[in-house]
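To be precise, the following lines are work_1.csv, and they hold CSV, C-alpha atoms.
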```csv
chain,number,residue,atom,x,y,z
A,1041,MET,CA,-15.4,5.1,72.0
A,1042,LYS,CA,-14.2,1.5,71.5
A,1043,SER,CA,-13.3,0.3,68.0
A,1044,ARG,CA,-15.2,-2.7,66.8
A,1045,ALA,CA,-13.3,-6.0,67.1
A,1046,LYS,CA,-12.1,-7.5,63.8
A,1047,MET,CA,-14.0,-10.6,62.7
A,1048,LYS,CA,-11.7,-13.5,63.0
A,1049,THR,CA,-11.4,-16.5,60.6
A,1050,ASN,CA,-12.5,-19.2,63.1
A,1051,ARG,CA,-16.1,-19.4,62.2
A,1052,ILE,CA,-15.6,-19.2,58.4
A,1053,GLU,CA,-13.0,-22.0,58.7
A,1054,ALA,CA,-15.2,-24.2,60.8
A,1055,PHE,CA,-18.3,-23.7,58.6
A,1056,SER,CA,-16.3,-24.3,55.4
A,1057,ASP,CA,-14.7,-27.5,56.8
A,1058,GLY,CA,-18.2,-28.8,57.8
A,1059,VAL,CA,-19.7,-28.1,54.4
A,1060,ILE,CA,-16.8,-29.8,52.5
A,1061,ALA,CA,-17.1,-32.8,54.9
A,1062,ILE,CA,-20.8,-33.0,54.1
A,1063,ILE,CA,-20.1,-32.8,50.3
A,1064,ILE,CA,-17.7,-35.7,50.6
A,1065,THR,CA,-20.2,-37.7,52.6
A,1066,ILE,CA,-22.9,-37.1,50.0
A,1067,MET,CA,-20.6,-38.3,47.3
A,1068,VAL,CA,-19.7,-41.5,49.0
A,1069,LEU,CA,-23.3,-42.3,49.7
A,1070,GLU,CA,-23.8,-42.3,45.9
A,1071,LEU,CA,-21.7,-45.5,45.8
A,1072,LYS,CA,-24.4,-48.1,46.3
A,1073,VAL,CA,-23.4,-51.4,47.8
A,1074,PRO,CA,-23.8,-54.1,45.1
A,1075,HIS,CA,-25.8,-57.3,45.5
A,1076,GLY,CA,-23.4,-60.2,45.2
A,1077,ASP,CA,-20.0,-61.3,46.4
A,1078,ASN,CA,-17.9,-61.5,43.3
A,1079,ILE,CA,-15.8,-59.1,41.3
A,1080,ALA,CA,-18.4,-59.1,38.4
A,1081,VAL,CA,-20.9,-57.1,40.5
A,1082,LEU,CA,-18.3,-54.4,41.1
A,1083,LEU,CA,-17.6,-53.7,37.4
A,1084,PRO,CA,-20.7,-51.5,36.8
A,1085,LEU,CA,-19.5,-49.4,39.8
A,1086,VAL,CA,-16.1,-48.6,38.2
A,1087,PRO,CA,-17.1,-45.4,36.4
A,1088,LEU,CA,-18.8,-44.1,39.6
A,1089,LEU,CA,-15.8,-45.0,41.7
A,1090,LEU,CA,-13.3,-43.3,39.3
A,1091,SER,CA,-15.4,-40.1,39.2
A,1092,TYR,CA,-15.6,-40.3,43.0
A,1093,VAL,CA,-11.9,-40.6,43.4
A,1094,LEU,CA,-11.3,-37.6,41.0
A,1095,SER,CA,-13.8,-35.5,42.9
A,1096,PHE,CA,-12.4,-36.5,46.3
A,1097,VAL,CA,-9.0,-35.3,45.1
A,1098,TYR,CA,-10.4,-32.0,43.9
A,1099,LEU,CA,-12.3,-31.4,47.2
A,1100,GLY,CA,-9.1,-32.3,49.1
A,1101,ILE,CA,-7.2,-29.7,47.0
A,1102,TYR,CA,-9.8,-27.0,47.7
A,1103,TRP,CA,-9.9,-27.8,51.4
A,1104,SER,CA,-6.1,-27.7,51.7
A,1105,ASN,CA,-5.6,-24.5,49.8
A,1106,HIS,CA,-8.6,-22.9,51.5
A,1107,HIS,CA,-7.0,-23.8,54.9
A,1108,HIS,CA,-3.7,-22.2,53.9
A,1109,MET,CA,-5.4,-19.1,52.4
A,1110,LEU,CA,-7.4,-18.4,55.6
A,1111,HIS,CA,-4.2,-18.7,57.6
A,1112,ALA,CA,-2.9,-15.7,55.6
A,1113,CYS,CA,-6.0,-13.8,56.5
A,1114,SER,CA,-6.0,-11.6,59.6
A,1115,LYS,CA,-9.6,-10.5,59.4
A,1116,VAL,CA,-12.9,-11.3,57.7
A,1117,THR,CA,-15.2,-8.8,56.0
A,1118,GLY,CA,-18.7,-9.2,54.7
A,1119,SER,CA,-17.5,-9.5,51.1
A,1120,VAL,CA,-15.1,-12.3,52.2
A,1121,LEU,CA,-18.0,-14.1,53.8
A,1122,TRP,CA,-20.2,-13.9,50.7
A,1123,ALA,CA,-17.3,-14.8,48.4
A,1124,ASN,CA,-16.7,-17.9,50.6
A,1125,LEU,CA,-20.4,-18.9,50.3
A,1126,HIS,CA,-20.1,-18.4,46.5
A,1127,LEU,CA,-17.2,-20.9,46.5
A,1128,LEU,CA,-19.1,-23.4,48.7
A,1129,PHE,CA,-22.1,-23.2,46.4
A,1130,TRP,CA,-20.1,-24.4,43.4
A,1131,LEU,CA,-18.3,-27.1,45.5
A,1132,SER,CA,-21.7,-28.3,46.7
A,1133,LEU,CA,-22.7,-29.1,43.1
A,1134,ILE,CA,-19.7,-31.5,42.6
A,1135,PRO,CA,-21.6,-34.5,44.0
A,1136,PHE,CA,-24.3,-34.0,41.4
A,1137,THR,CA,-22.0,-33.8,38.4
A,1138,THR,CA,-19.8,-36.5,39.8
A,1139,GLY,CA,-22.8,-38.9,40.1
A,1140,TRP,CA,-24.1,-37.9,36.7
A,1141,MET,CA,-20.8,-38.4,35.0
A,1142,GLY,CA,-20.2,-41.7,36.7
A,1143,GLU,CA,-23.7,-43.1,36.1
A,1144,ASN,CA,-23.4,-42.3,32.4
A,1145,HIS,CA,-19.9,-43.7,31.9
A,1146,PHE,CA,-18.3,-40.3,31.2
A,1147,ALA,CA,-20.8,-39.3,28.5
A,1148,ILE,CA,-20.4,-36.0,26.7
A,1149,LEU,CA,-22.8,-33.7,28.4
A,1150,PRO,CA,-22.2,-34.9,32.0
A,1151,ALA,CA,-18.4,-34.6,31.4
A,1152,ALA,CA,-18.9,-31.1,30.1
A,1153,ALA,CA,-21.1,-30.2,33.0
A,1154,TYR,CA,-18.5,-31.5,35.4
A,1155,GLY,CA,-16.0,-29.2,33.8
A,1156,PHE,CA,-18.3,-26.3,34.0
A,1157,VAL,CA,-18.7,-26.8,37.8
A,1158,LEU,CA,-14.9,-27.0,38.2
A,1159,LEU,CA,-14.5,-23.9,36.1
A,1160,MET,CA,-17.0,-21.9,38.3
A,1161,ALA,CA,-15.4,-23.2,41.5
A,1162,ALA,CA,-12.0,-22.0,40.2
A,1163,ILE,CA,-13.4,-18.6,39.4
A,1164,ALA,CA,-15.2,-18.5,42.8
A,1165,TYR,CA,-11.9,-19.4,44.5
A,1166,TRP,CA,-10.1,-16.6,42.6
A,1167,ILE,CA,-12.8,-14.1,43.7
A,1168,LEU,CA,-12.4,-15.2,47.3
A,1169,GLN,CA,-8.7,-14.8,47.1
A,1170,GLN,CA,-9.1,-11.3,45.6
A,1171,ARG,CA,-11.6,-10.2,48.3
A,1172,ILE,CA,-9.1,-11.4,51.0
A,1173,ILE,CA,-6.3,-9.5,49.4
A,1174,ILE,CA,-8.4,-6.3,49.1
A,1175,SER,CA,-9.5,-6.6,52.8
A,1176,GLN,CA,-5.9,-7.1,54.0
A,1177,GLY,CA,-4.4,-4.3,52.0
A,1178,GLU,CA,-1.7,-4.0,49.2
A,1179,ASN,CA,1.0,-5.5,51.4
A,1180,SER,CA,-1.1,-8.5,52.5
A,1181,ILE,CA,0.6,-11.8,53.2
A,1182,LEU,CA,-1.6,-13.5,50.7
A,1183,LYS,CA,-0.7,-11.2,47.8
A,1184,ARG,CA,3.0,-11.7,48.5
A,1185,ALA,CA,2.5,-15.4,48.8
A,1186,ILE,CA,0.6,-16.1,45.6
A,1187,GLY,CA,2.9,-14.0,43.4
A,1188,ASN,CA,2.1,-14.6,39.7
A,1189,ASP,CA,-0.2,-17.5,40.5
A,1190,TRP,CA,0.4,-19.3,37.2
A,1191,LYS,CA,-1.6,-22.4,38.3
A,1192,GLY,CA,-4.6,-20.2,39.3
A,1193,LYS,CA,-4.5,-18.5,35.8
A,1194,LEU,CA,-3.9,-21.7,33.8
A,1195,SER,CA,-6.5,-23.9,35.5
A,1196,PRO,CA,-9.6,-22.0,34.2
A,1197,LEU,CA,-8.2,-22.0,30.7
A,1198,LEU,CA,-7.7,-25.8,30.9
A,1199,TYR,CA,-11.2,-26.2,32.1
A,1200,VAL,CA,-12.6,-24.2,29.2
A,1201,THR,CA,-10.5,-26.3,26.8
A,1202,ALA,CA,-11.8,-29.5,28.5
A,1203,ILE,CA,-15.5,-28.4,28.2
A,1204,VAL,CA,-15.0,-27.7,24.5
A,1205,LEU,CA,-13.1,-31.0,23.9
A,1206,ALA,CA,-15.8,-32.9,25.8
A,1207,PHE,CA,-18.0,-32.5,22.7
A,1208,VAL,CA,-15.3,-34.2,20.6
A,1209,SER,CA,-14.4,-36.9,23.1
A,1210,SER,CA,-15.3,-36.9,26.7
A,1211,TRP,CA,-12.1,-38.7,27.5
A,1212,PHE,CA,-10.1,-35.7,26.3
A,1213,ALA,CA,-12.0,-33.7,28.9
A,1214,VAL,CA,-11.4,-36.2,31.7
A,1215,ALA,CA,-7.7,-36.4,30.9
A,1216,ILE,CA,-7.5,-32.6,31.3
A,1217,TYR,CA,-9.4,-32.8,34.6
A,1218,VAL,CA,-6.9,-35.3,35.8
A,1219,LEU,CA,-4.0,-33.2,34.6
A,1220,VAL,CA,-5.3,-30.1,36.5
A,1221,ALA,CA,-5.8,-32.2,39.7
A,1222,PHE,CA,-2.3,-33.6,39.4
A,1223,MET,CA,-1.0,-30.0,38.9
A,1224,TRP,CA,-2.6,-28.9,42.2
A,1225,VAL,CA,-2.1,-32.0,44.3
A,1226,ILE,CA,1.7,-31.3,44.4
A,1227,PRO,CA,2.1,-29.5,47.7
A,1228,ASP,CA,2.2,-25.7,47.3
A,1229,LYS,CA,4.5,-24.1,49.9
A,1230,ARG,CA,4.1,-20.4,48.9
A,1231,ILE,CA,1.8,-19.3,51.7
A,1232,GLU,CA,3.7,-21.5,54.3
A,1233,ARG,CA,7.0,-19.9,53.3
A,1234,VAL,CA,5.7,-16.3,53.6
A,1235,LEU,CA,4.0,-17.1,57.0
A,1236,THR,CA,7.3,-18.6,58.2
A,1237,SER,CA,9.3,-15.6,57.2
A,1238,GLU,CA,6.8,-13.3,59.0
A,1239,GLU,CA,7.3,-15.2,62.2
A,1240,THR,CA,11.1,-15.1,62.1
```
Here is the file; what I need is its structure written in the form of structure tokens.
Amino acid sequence: MKSRAKMKTNRIEAFSDGVIAIIITIMVLELKVPHGDNIAVLLPLVPLLLSYVLSFVYLGIYWSNHHHMLHACSKVTGSVLWANLHLLFWLSLIPFTTGWMGENHFAILPAAAYGFVLLMAAIAYWILQQRIIISQGENSILKRAIGNDWKGKLSPLLYVTAIVLAFVSSWFAVAIYVLVAFMWVIPDKRIERVLTSEET
């Protein structure tokens, strides 16, 4: 009797790429074209533009790390599929909180809600990572690549701090969101190094 073929990562990668592309498209459509041809008409759009740039960077970080993580994955299980959908659900809420925060000039509640969505996306990413490691076994490439994963552990703590501080000053929260984005935007070579060592 033939053994069932392992599910590959092709479809989950293509689907995730498509969803993230749509999320970015939805966000940019929130930037309404102003009526007028001078700089003054752009000023009301500055908060929306800043929140868009921050969210674009976050989505870019998730897309890049998701891409690397799936390259360290040799097969896909049902729990991996659902964990991936769970991550995409929270990422799909980013346009809503981005628009809400930008429209209200980084007010307290929208800034806290933005942090909550980032927190849940970080947790969802961690769950997906763990499901992949479990599906690949104790000696999985991903487990060896992430090591202590200090950034993955620190980020949720910073998000919780930002959510609390948002009720003191929303700018404290925004500063933490920028800090976390900066922390992750620096290229992470861990998975690439392990994959390269596997090939040699």
Check: Counting only C-alpha atoms, which of A:Ile1186, A:Ala1151, A:Ile1134, A:Met1109 gets nearest to Ile1216 in chain A?
Finding: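 Looking only at the distances to Ile1216 in chain A, the closest residue turns out to be A:Ala1151.
CA of Thr1138 in chain A lies 7.8 Å from CA of Met1067 in chain A.
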Note to self: Residues within 10 Å of Leu1219 in chain A, please, as a list in words. Count all atoms listed in the file; anything in the same chain fewer than 5 positions from it doesn't count.
What the structure shows: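 The contact residues come out as Ser1195, Leu1198, Ala1213, Val1214, Trp1224 and Val1225 of chain A.
Counting all atoms listed in the file, the residue from A:Leu1069, A:Ile1203, A:Ala1221, A:Ile1163 that sits nearest to Ala1123 in chain A is A:Ile1163.
CA of His1075 in chain A to CA of Gly1142 in chain A spans 18.8 Å [interatomic distance, one decimal].
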Note to self: If we count all atoms listed in the file and set the cut-off at 10 Å, which residues sit around Glu1053 in chain A, ignoring sequence neighbours fewer than 6 positions away in its own chain? Please answer as a list of chain:residue names.
What the structure shows: A:Trp1103, A:His1106, A:His1107, A:Leu1110, A:His1111, A:Asn1124
Produce a file of the selected residues containing C-alpha atoms, as a compact mmCIF listing (two decimals), in the frame of the given file.
```txt
# COMPACT_ATOMS: atom_id res chain seq x y z
CA TRP A 1103 -9.90 -27.80 51.40
CA HIS A 1106 -8.60 -22.90 51.50
CA HIS A 1107 -7.00 -23.80 54.90
CA LEU A 1110 -7.40 -18.40 55.60
CA HIS A 1111 -4.20 -18.70 57.60
CA ASN A 1124 -16.70 -17.90 50.60
```
Generate the coordinates of N, CA and C atoms for range 1175-1204 of chain A; report them as an mmCIF file, in the frame of the given file.
```cif
data_model
loop_
_atom_site.group_PDB
_atom_site.id
_atom_site.type_symbol
_atom_site.label_atom_id
_atom_site.label_comp_id
_atom_site.auth_asym_id
_atom_site.auth_seq_id
_atom_site.Cartn_x
_atom_site.Cartn_y
_atom_site.Cartn_z
ATOM 1 N N SER A 1175 -9.192 -6.891 51.373
ATOM 2 C CA SER A 1175 -9.500 -6.600 52.800
ATOM 3 C C SER A 1175 -8.243 -6.475 53.636
ATOM 4 N N GLN A 1176 -7.143 -7.116 53.219
ATOM 5 C CA GLN A 1176 -5.900 -7.100 54.000
ATOM 6 C C GLN A 1176 -4.978 -5.932 53.598
ATOM 7 N N GLY A 1177 -5.206 -5.354 52.408
ATOM 8 C CA GLY A 1177 -4.400 -4.300 52.000
ATOM 9 C C GLY A 1177 -3.307 -4.707 50.951
ATOM 10 N N GLU A 1178 -2.674 -3.731 50.324
ATOM 11 C CA GLU A 1178 -1.700 -4.000 49.200
ATOM 12 C C GLU A 1178 -0.521 -4.836 49.686
ATOM 13 N N ASN A 1179 -0.129 -4.712 50.940
ATOM 14 C CA ASN A 1179 1.000 -5.500 51.400
ATOM 15 C C ASN A 1179 0.614 -6.757 52.152
ATOM 16 N N SER A 1180 -0.531 -7.291 51.784
ATOM 17 C CA SER A 1180 -1.100 -8.500 52.500
ATOM 18 C C SER A 1180 -0.150 -9.680 52.276
ATOM 19 N N ILE A 1181 -0.171 -10.558 53.269
ATOM 20 C CA ILE A 1181 0.600 -11.800 53.200
ATOM 21 C C ILE A 1181 0.201 -12.621 52.013
ATOM 22 N N LEU A 1182 -1.114 -12.708 51.778
ATOM 23 C CA LEU A 1182 -1.600 -13.500 50.700
ATOM 24 C C LEU A 1182 -1.147 -13.047 49.334
ATOM 25 N N LYS A 1183 -1.157 -11.738 49.134
ATOM 26 C CA LYS A 1183 -0.700 -11.200 47.800
ATOM 27 C C LYS A 1183 0.744 -11.512 47.595
ATOM 28 N N ARG A 1184 1.557 -11.386 48.636
ATOM 29 C CA ARG A 1184 3.000 -11.700 48.500
ATOM 30 C C ARG A 1184 3.200 -13.189 48.262
ATOM 31 N N ALA A 1185 2.336 -13.997 48.886
ATOM 32 C CA ALA A 1185 2.500 -15.400 48.800
ATOM 33 C C ALA A 1185 2.142 -16.000 47.419
ATOM 34 N N ILE A 1186 1.041 -15.513 46.834
ATOM 35 C CA ILE A 1186 0.600 -16.100 45.600
ATOM 36 C C ILE A 1186 1.411 -15.667 44.371
ATOM 37 N N GLY A 1187 2.039 -14.500 44.457
ATOM 38 C CA GLY A 1187 2.900 -14.000 43.400
ATOM 39 C C GLY A 1187 2.138 -13.984 42.044
ATOM 40 N N ASN A 1188 2.721 -14.575 40.998
ATOM 41 C CA ASN A 1188 2.100 -14.600 39.700
ATOM 42 C C ASN A 1188 0.915 -15.547 39.585
ATOM 43 N N ASP A 1189 0.888 -16.542 40.470
ATOM 44 C CA ASP A 1189 -0.200 -17.500 40.500
ATOM 45 C C ASP A 1189 -0.477 -18.157 39.177
ATOM 46 N N TRP A 1190 0.559 -18.716 38.552
ATOM 47 C CA TRP A 1190 0.400 -19.300 37.200
ATOM 48 C C TRP A 1190 -0.584 -20.444 37.181
ATOM 49 N N LYS A 1191 -0.625 -21.230 38.269
ATOM 50 C CA LYS A 1191 -1.600 -22.400 38.300
ATOM 51 C C LYS A 1191 -3.019 -21.854 38.368
ATOM 52 N N GLY A 1192 -3.220 -20.775 39.143
ATOM 53 C CA GLY A 1192 -4.600 -20.200 39.300
ATOM 54 C C GLY A 1192 -5.053 -19.614 37.941
ATOM 55 N N LYS A 1193 -4.118 -19.101 37.123
ATOM 56 C CA LYS A 1193 -4.500 -18.500 35.800
ATOM 57 C C LYS A 1193 -4.663 -19.614 34.760
ATOM 58 N N LEU A 1194 -3.840 -20.652 34.837
ATOM 59 C CA LEU A 1194 -3.900 -21.700 33.800
ATOM 60 C C LEU A 1194 -5.075 -22.637 33.991
ATOM 61 N N SER A 1195 -5.462 -22.909 35.228
ATOM 62 C CA SER A 1195 -6.500 -23.900 35.500
ATOM 63 C C SER A 1195 -7.851 -23.537 34.775
ATOM 64 N N PRO A 1196 -8.382 -22.298 34.893
ATOM 65 C CA PRO A 1196 -9.600 -22.000 34.200
ATOM 66 C C PRO A 1196 -9.517 -22.159 32.666
ATOM 67 N N LEU A 1197 -8.362 -21.835 32.099
ATOM 68 C CA LEU A 1197 -8.200 -22.000 30.700
ATOM 69 C C LEU A 1197 -8.217 -23.490 30.287
ATOM 70 N N LEU A 1198 -7.641 -24.322 31.130
ATOM 71 C CA LEU A 1198 -7.700 -25.800 30.900
ATOM 72 C C LEU A 1198 -9.108 -26.307 31.025
ATOM 73 N N TYR A 1199 -9.861 -25.791 31.986
ATOM 74 C CA TYR A 1199 -11.200 -26.200 32.100
ATOM 75 C C TYR A 1199 -12.087 -25.860 30.920
ATOM 76 N N VAL A 1200 -11.917 -24.642 30.418
ATOM 77 C CA VAL A 1200 -12.600 -24.200 29.200
ATOM 78 C C VAL A 1200 -12.278 -25.116 28.043
ATOM 79 N N THR A 1201 -10.998 -25.407 27.902
ATOM 80 C CA THR A 1201 -10.500 -26.300 26.800
ATOM 81 C C THR A 1201 -11.190 -27.681 26.983
ATOM 82 N N ALA A 1202 -11.245 -28.179 28.221
ATOM 83 C CA ALA A 1202 -11.800 -29.500 28.500
ATOM 84 C C ALA A 1202 -13.321 -29.518 28.138
ATOM 85 N N ILE A 1203 -14.036 -28.458 28.492
ATOM 86 C CA ILE A 1203 -15.500 -28.400 28.200
ATOM 87 C C ILE A 1203 -15.712 -28.448 26.696
ATOM 88 N N VAL A 1204 -14.913 -27.714 25.933
ATOM 89 C CA VAL A 1204 -15.000 -27.700 24.500
ATOM 90 C C VAL A 1204 -14.685 -29.100 23.912
#
```
